[in-house]
Amino acid sequence: MTEKSEKIALTPKTHTTPPARFSHGVRKGNILQVAGQVGFLPAVDGQPPTPAGPTLREQTLQALANVRAILEEGGASWDDVMMIRVYLTDVDHFAEMNAIYNEFFERHLTAVPAARTTVYVGLPAGLLIEIDALAVLDG
């Protein structure tokens with residue numbers, strides 16, 4: 001009989017405490033799921049979340065930094081990521097996002113994960129992108 005792994009909610013110091021019963025990421029055993037991250041700058045006590053900037057590039061790079069913070073909080077790295085999902089609010093952003101994504105991961109990955117990009121219109125005003133990730137750690 002194997003022992004059940006504990007499910008651990010992850011909220012890095014750079015992130016606000018979620019306003020409802022969810023977490024920025026969850027690790028159970030060697031599986032780590034990063035919840036959708038947007039381009040908010042690191043949290044500042046007493047201030048509302050602030051987008052990294054109005055451009056897709058600024059928000060994409062910040063969303064990736066936010067994903068990385070959760071991966072690290074859970075003991076993972078980009079090389080543990082098996083799947084990345086990107087959600088855009090504008091179909092016209094596909095080419096620009098792909099260029100930013102390729103440039104970023106050229107420096108951060110040895111093997112590329114599976115990926116999926118979807119366009120939808122459900123983000124708060126001013127936000128252009130959301131990214132989530134699934135990681136599997138060794139052991």
# chains A, B, ... in the order shown; residues from 1 in each chain; ligands from 1
call {"tool": "select_by_dssp", "arguments": {"residues": "region 44-104 of chain A", "states": "helix (DSSP H, G or I)", "output": "ChimeraX atom specification"}}
result
/A:56-73,78-80,91-104
call {"tool": "closest_residue", "arguments": {"among": "A:Leu56, A:Leu88, A:Val112, A:Leu10", "to": "Arg27 (chain A)", "atoms": "only C-alpha atoms"}}
result
A:Leu10
call {"tool": "residues_around", "arguments": {"residues": "Tyr87 (chain A)", "least_positions_apart": "2", "cutoff": "6 Å", "atoms": "only C-alpha atoms", "output": "PyMOL selection string"}}
result
chain A and resi 117-119+129-130
call {"tool": "write_last_selection", "arguments": {"atoms": "C-alpha atoms", "output": "short mmCIF file (atom, residue, chain, number, x, y, z; two decimals), in the first residue's frame"}}
result
data_model
loop_
_atom_site.label_atom_id
_atom_site.label_comp_id
_atom_site.auth_asym_id
_atom_site.auth_seq_id
_atom_site.Cartn_x
_atom_site.Cartn_y
_atom_site.Cartn_z
CA THR A 117 -2.89 28.79 -27.60
CA THR A 118 -6.53 29.78 -27.44
CA VAL A 119 -8.23 33.12 -28.05
CA ILE A 129 -2.74 37.27 -22.01
CA GLU A 130 -2.99 34.47 -19.45
#
call {"tool": "residues_around", "arguments": {"residues": "Leu64 (chain A)", "least_positions_apart": "5", "cutoff": "12 Å", "atoms": "only C-alpha atoms", "output": "number ranges by chain"}}
result
A: 34-41, 52, 56-59, 69-71, 77-78, 84-86, 97, 100-101, 104-105, 108, 129-133
call {"tool": "closest_residue", "arguments": {"among": "A:Gln62, A:Thr11, A:Gln47, A:Thr89", "to": "Pro124 (chain A)", "atoms": "only C-alpha atoms"}}
result
A:Thr89
call {"tool": "select_by_dssp", "arguments": {"residues": "region 44-130 of chain A", "states": "strand (DSSP E)", "output": "list in words"}}
result
Val81, Met82, Met83, Ile84, Arg85, Val86, Tyr87, Leu88, Ala114, Ala115, Arg116, Thr117, Thr118, Val119, Ile129 and Glu130 of chain A
call {"tool": "closest_residue", "arguments": {"among": "A:Ala114, A:Ala65, A:Glu6, A:Pro54", "to": "Asn30 (chain A)", "atoms": "only C-alpha atoms"}}
result
A:Glu6
call {"tool": "closest_residue", "arguments": {"among": "A:Leu137, A:Gln33, A:Leu61, A:Asp90", "to": "Tyr120 (chain A)", "atoms": "only C-alpha atoms"}}
result
A:Asp90
call {"tool": "atom_distance", "arguments": {"atom1": "CA of Glu106 (chain A)", "atom2": "CA of His93 (chain A)"}}
result
19.8 Å
call {"tool": "atom_distance", "arguments": {"atom1": "CA of Ala111 (chain A)", "atom2": "CA of Gly74 (chain A)"}}
result
20.1 Å
call {"tool": "closest_residue", "arguments": {"among": "A:Gly75, A:Asn102, A:Thr60, A:Pro49", "to": "Lys28 (chain A)", "atoms": "only C-alpha atoms"}}
result
A:Gly75
call {"tool": "decode", "arguments": {"residues": "region 76-125 of chain A", "atoms": "N, CA and C atoms", "output": "CSV table (one decimal), in the first residue's frame"}}
result
chain,number,residue,atom,x,y,z
A,76,ALA,N,10.1,23.2,-8.8
A,76,ALA,CA,10.2,22.9,-10.3
A,76,ALA,C,10.9,24.0,-11.0
A,77,SER,N,11.2,23.7,-12.3
A,77,SER,CA,11.8,24.6,-13.2
A,77,SER,C,11.1,24.5,-14.6
A,78,TRP,N,11.5,25.4,-15.5
A,78,TRP,CA,10.9,25.3,-16.8
A,78,TRP,C,11.2,23.9,-17.5
A,79,ASP,N,12.3,23.3,-17.2
A,79,ASP,CA,12.6,22.0,-17.8
A,79,ASP,C,11.6,20.9,-17.3
A,80,ASP,N,10.9,21.1,-16.2
A,80,ASP,CA,9.9,20.2,-15.7
A,80,ASP,C,8.6,20.3,-16.3
A,81,VAL,N,8.4,21.4,-17.1
A,81,VAL,CA,7.1,21.7,-17.7
A,81,VAL,C,6.8,20.8,-18.8
A,82,MET,N,5.6,20.2,-18.8
A,82,MET,CA,5.2,19.3,-19.8
A,82,MET,C,4.2,20.0,-20.8
A,83,MET,N,3.4,20.9,-20.3
A,83,MET,CA,2.4,21.6,-21.1
A,83,MET,C,2.3,23.0,-20.6
A,84,ILE,N,2.2,23.9,-21.6
A,84,ILE,CA,1.9,25.3,-21.4
A,84,ILE,C,0.7,25.7,-22.2
A,85,ARG,N,-0.3,26.4,-21.6
A,85,ARG,CA,-1.4,26.9,-22.3
A,85,ARG,C,-1.4,28.4,-22.2
A,86,VAL,N,-1.6,29.0,-23.4
A,86,VAL,CA,-1.6,30.5,-23.5
A,86,VAL,C,-3.0,30.9,-24.0
A,87,TYR,N,-3.6,31.9,-23.3
A,87,TYR,CA,-4.9,32.4,-23.7
A,87,TYR,C,-4.7,33.9,-24.1
A,88,LEU,N,-5.1,34.2,-25.3
A,88,LEU,CA,-5.0,35.6,-25.8
A,88,LEU,C,-6.4,36.2,-25.9
A,89,THR,N,-6.5,37.5,-25.8
A,89,THR,CA,-7.8,38.1,-25.9
A,89,THR,C,-8.0,38.7,-27.3
A,90,ASP,N,-7.0,38.6,-28.2
A,90,ASP,CA,-7.1,39.1,-29.6
A,90,ASP,C,-6.3,38.2,-30.5
A,91,VAL,N,-7.0,37.7,-31.5
A,91,VAL,CA,-6.4,36.8,-32.5
A,91,VAL,C,-5.3,37.4,-33.2
A,92,ASP,N,-5.3,38.8,-33.3
A,92,ASP,CA,-4.2,39.5,-34.0
A,92,ASP,C,-2.9,39.4,-33.2
A,93,HIS,N,-2.9,38.9,-32.0
A,93,HIS,CA,-1.7,38.9,-31.2
A,93,HIS,C,-0.9,37.6,-31.3
A,94,PHE,N,-1.4,36.6,-32.1
A,94,PHE,CA,-0.8,35.3,-32.3
A,94,PHE,C,0.7,35.4,-32.7
A,95,ALA,N,0.9,36.1,-33.8
A,95,ALA,CA,2.3,36.2,-34.3
A,95,ALA,C,3.2,36.8,-33.3
A,96,GLU,N,2.8,37.9,-32.7
A,96,GLU,CA,3.7,38.6,-31.8
A,96,GLU,C,3.9,37.8,-30.5
A,97,MET,N,2.9,37.1,-30.0
A,97,MET,CA,3.1,36.2,-28.9
A,97,MET,C,4.0,35.1,-29.2
A,98,ASN,N,3.9,34.5,-30.4
A,98,ASN,CA,4.8,33.4,-30.8
A,98,ASN,C,6.2,33.8,-30.8
A,99,ALA,N,6.5,35.0,-31.3
A,99,ALA,CA,7.8,35.6,-31.4
A,99,ALA,C,8.4,35.8,-30.0
A,100,ILE,N,7.6,36.3,-29.1
A,100,ILE,CA,8.0,36.6,-27.7
A,100,ILE,C,8.3,35.2,-27.0
A,101,TYR,N,7.4,34.3,-27.2
A,101,TYR,CA,7.4,32.9,-26.6
A,101,TYR,C,8.7,32.2,-27.1
A,102,ASN,N,9.0,32.3,-28.4
A,102,ASN,CA,10.2,31.6,-28.9
A,102,ASN,C,11.5,32.2,-28.4
A,103,GLU,N,11.5,33.5,-28.3
A,103,GLU,CA,12.7,34.3,-27.8
A,103,GLU,C,12.9,33.9,-26.4
A,104,PHE,N,11.9,33.9,-25.6
A,104,PHE,CA,12.0,33.6,-24.1
A,104,PHE,C,12.4,32.2,-23.9
A,105,PHE,N,11.8,31.2,-24.6
A,105,PHE,CA,12.1,29.8,-24.3
A,105,PHE,C,13.4,29.3,-25.0
A,106,GLU,N,13.9,30.1,-25.9
A,106,GLU,CA,15.2,29.8,-26.5
A,106,GLU,C,16.3,29.8,-25.4
A,107,ARG,N,16.1,30.7,-24.4
A,107,ARG,CA,17.0,30.9,-23.3
A,107,ARG,C,16.7,30.1,-22.1
A,108,HIS,N,15.5,29.5,-22.0
A,108,HIS,CA,15.1,28.9,-20.7
A,108,HIS,C,14.8,27.4,-20.8
A,109,LEU,N,14.8,26.8,-21.9
A,109,LEU,CA,14.4,25.4,-22.0
A,109,LEU,C,15.5,24.6,-22.8
A,110,THR,N,15.7,23.4,-22.4
A,110,THR,CA,16.5,22.5,-23.2
A,110,THR,C,15.6,21.6,-24.1
A,111,ALA,N,14.4,21.3,-23.6
A,111,ALA,CA,13.5,20.5,-24.4
A,111,ALA,C,12.1,21.3,-24.3
A,112,VAL,N,11.5,21.5,-25.5
A,112,VAL,CA,10.2,22.2,-25.5
A,112,VAL,C,9.0,21.4,-25.0
A,113,PRO,N,8.1,22.0,-24.2
A,113,PRO,CA,6.9,21.3,-23.8
A,113,PRO,C,5.8,21.4,-24.9
A,114,ALA,N,4.8,20.6,-24.7
A,114,ALA,CA,3.6,20.7,-25.5
A,114,ALA,C,3.0,22.1,-25.2
A,115,ALA,N,2.3,22.7,-26.2
A,115,ALA,CA,1.7,24.0,-25.9
A,115,ALA,C,0.4,24.1,-26.7
A,116,ARG,N,-0.4,25.0,-26.2
A,116,ARG,CA,-1.7,25.3,-26.8
A,116,ARG,C,-2.0,26.8,-26.6
A,117,THR,N,-2.5,27.4,-27.7
A,117,THR,CA,-2.9,28.8,-27.6
A,117,THR,C,-4.3,28.9,-28.0
A,118,THR,N,-5.1,29.6,-27.2
A,118,THR,CA,-6.5,29.8,-27.4
A,118,THR,C,-6.8,31.3,-27.4
A,119,VAL,N,-7.8,31.7,-28.1
A,119,VAL,CA,-8.2,33.1,-28.1
A,119,VAL,C,-9.6,33.1,-27.4
A,120,TYR,N,-9.7,34.0,-26.3
A,120,TYR,CA,-11.0,34.1,-25.7
A,120,TYR,C,-11.1,35.5,-25.1
A,121,VAL,N,-12.2,35.9,-24.6
A,121,VAL,CA,-12.4,37.3,-24.2
A,121,VAL,C,-12.8,37.4,-22.7
A,122,GLY,N,-12.1,36.7,-21.8
A,122,GLY,CA,-12.6,36.7,-20.4
A,122,GLY,C,-11.7,37.3,-19.4
A,123,LEU,N,-10.7,38.1,-19.8
A,123,LEU,CA,-9.8,38.7,-18.9
A,123,LEU,C,-10.3,40.1,-18.4
A,124,PRO,N,-9.9,40.5,-17.2
A,124,PRO,CA,-10.2,41.8,-16.8
A,124,PRO,C,-9.7,42.9,-17.8
A,125,ALA,N,-10.3,44.0,-17.8
A,125,ALA,CA,-10.0,45.1,-18.8
A,125,ALA,C,-8.5,45.4,-18.7
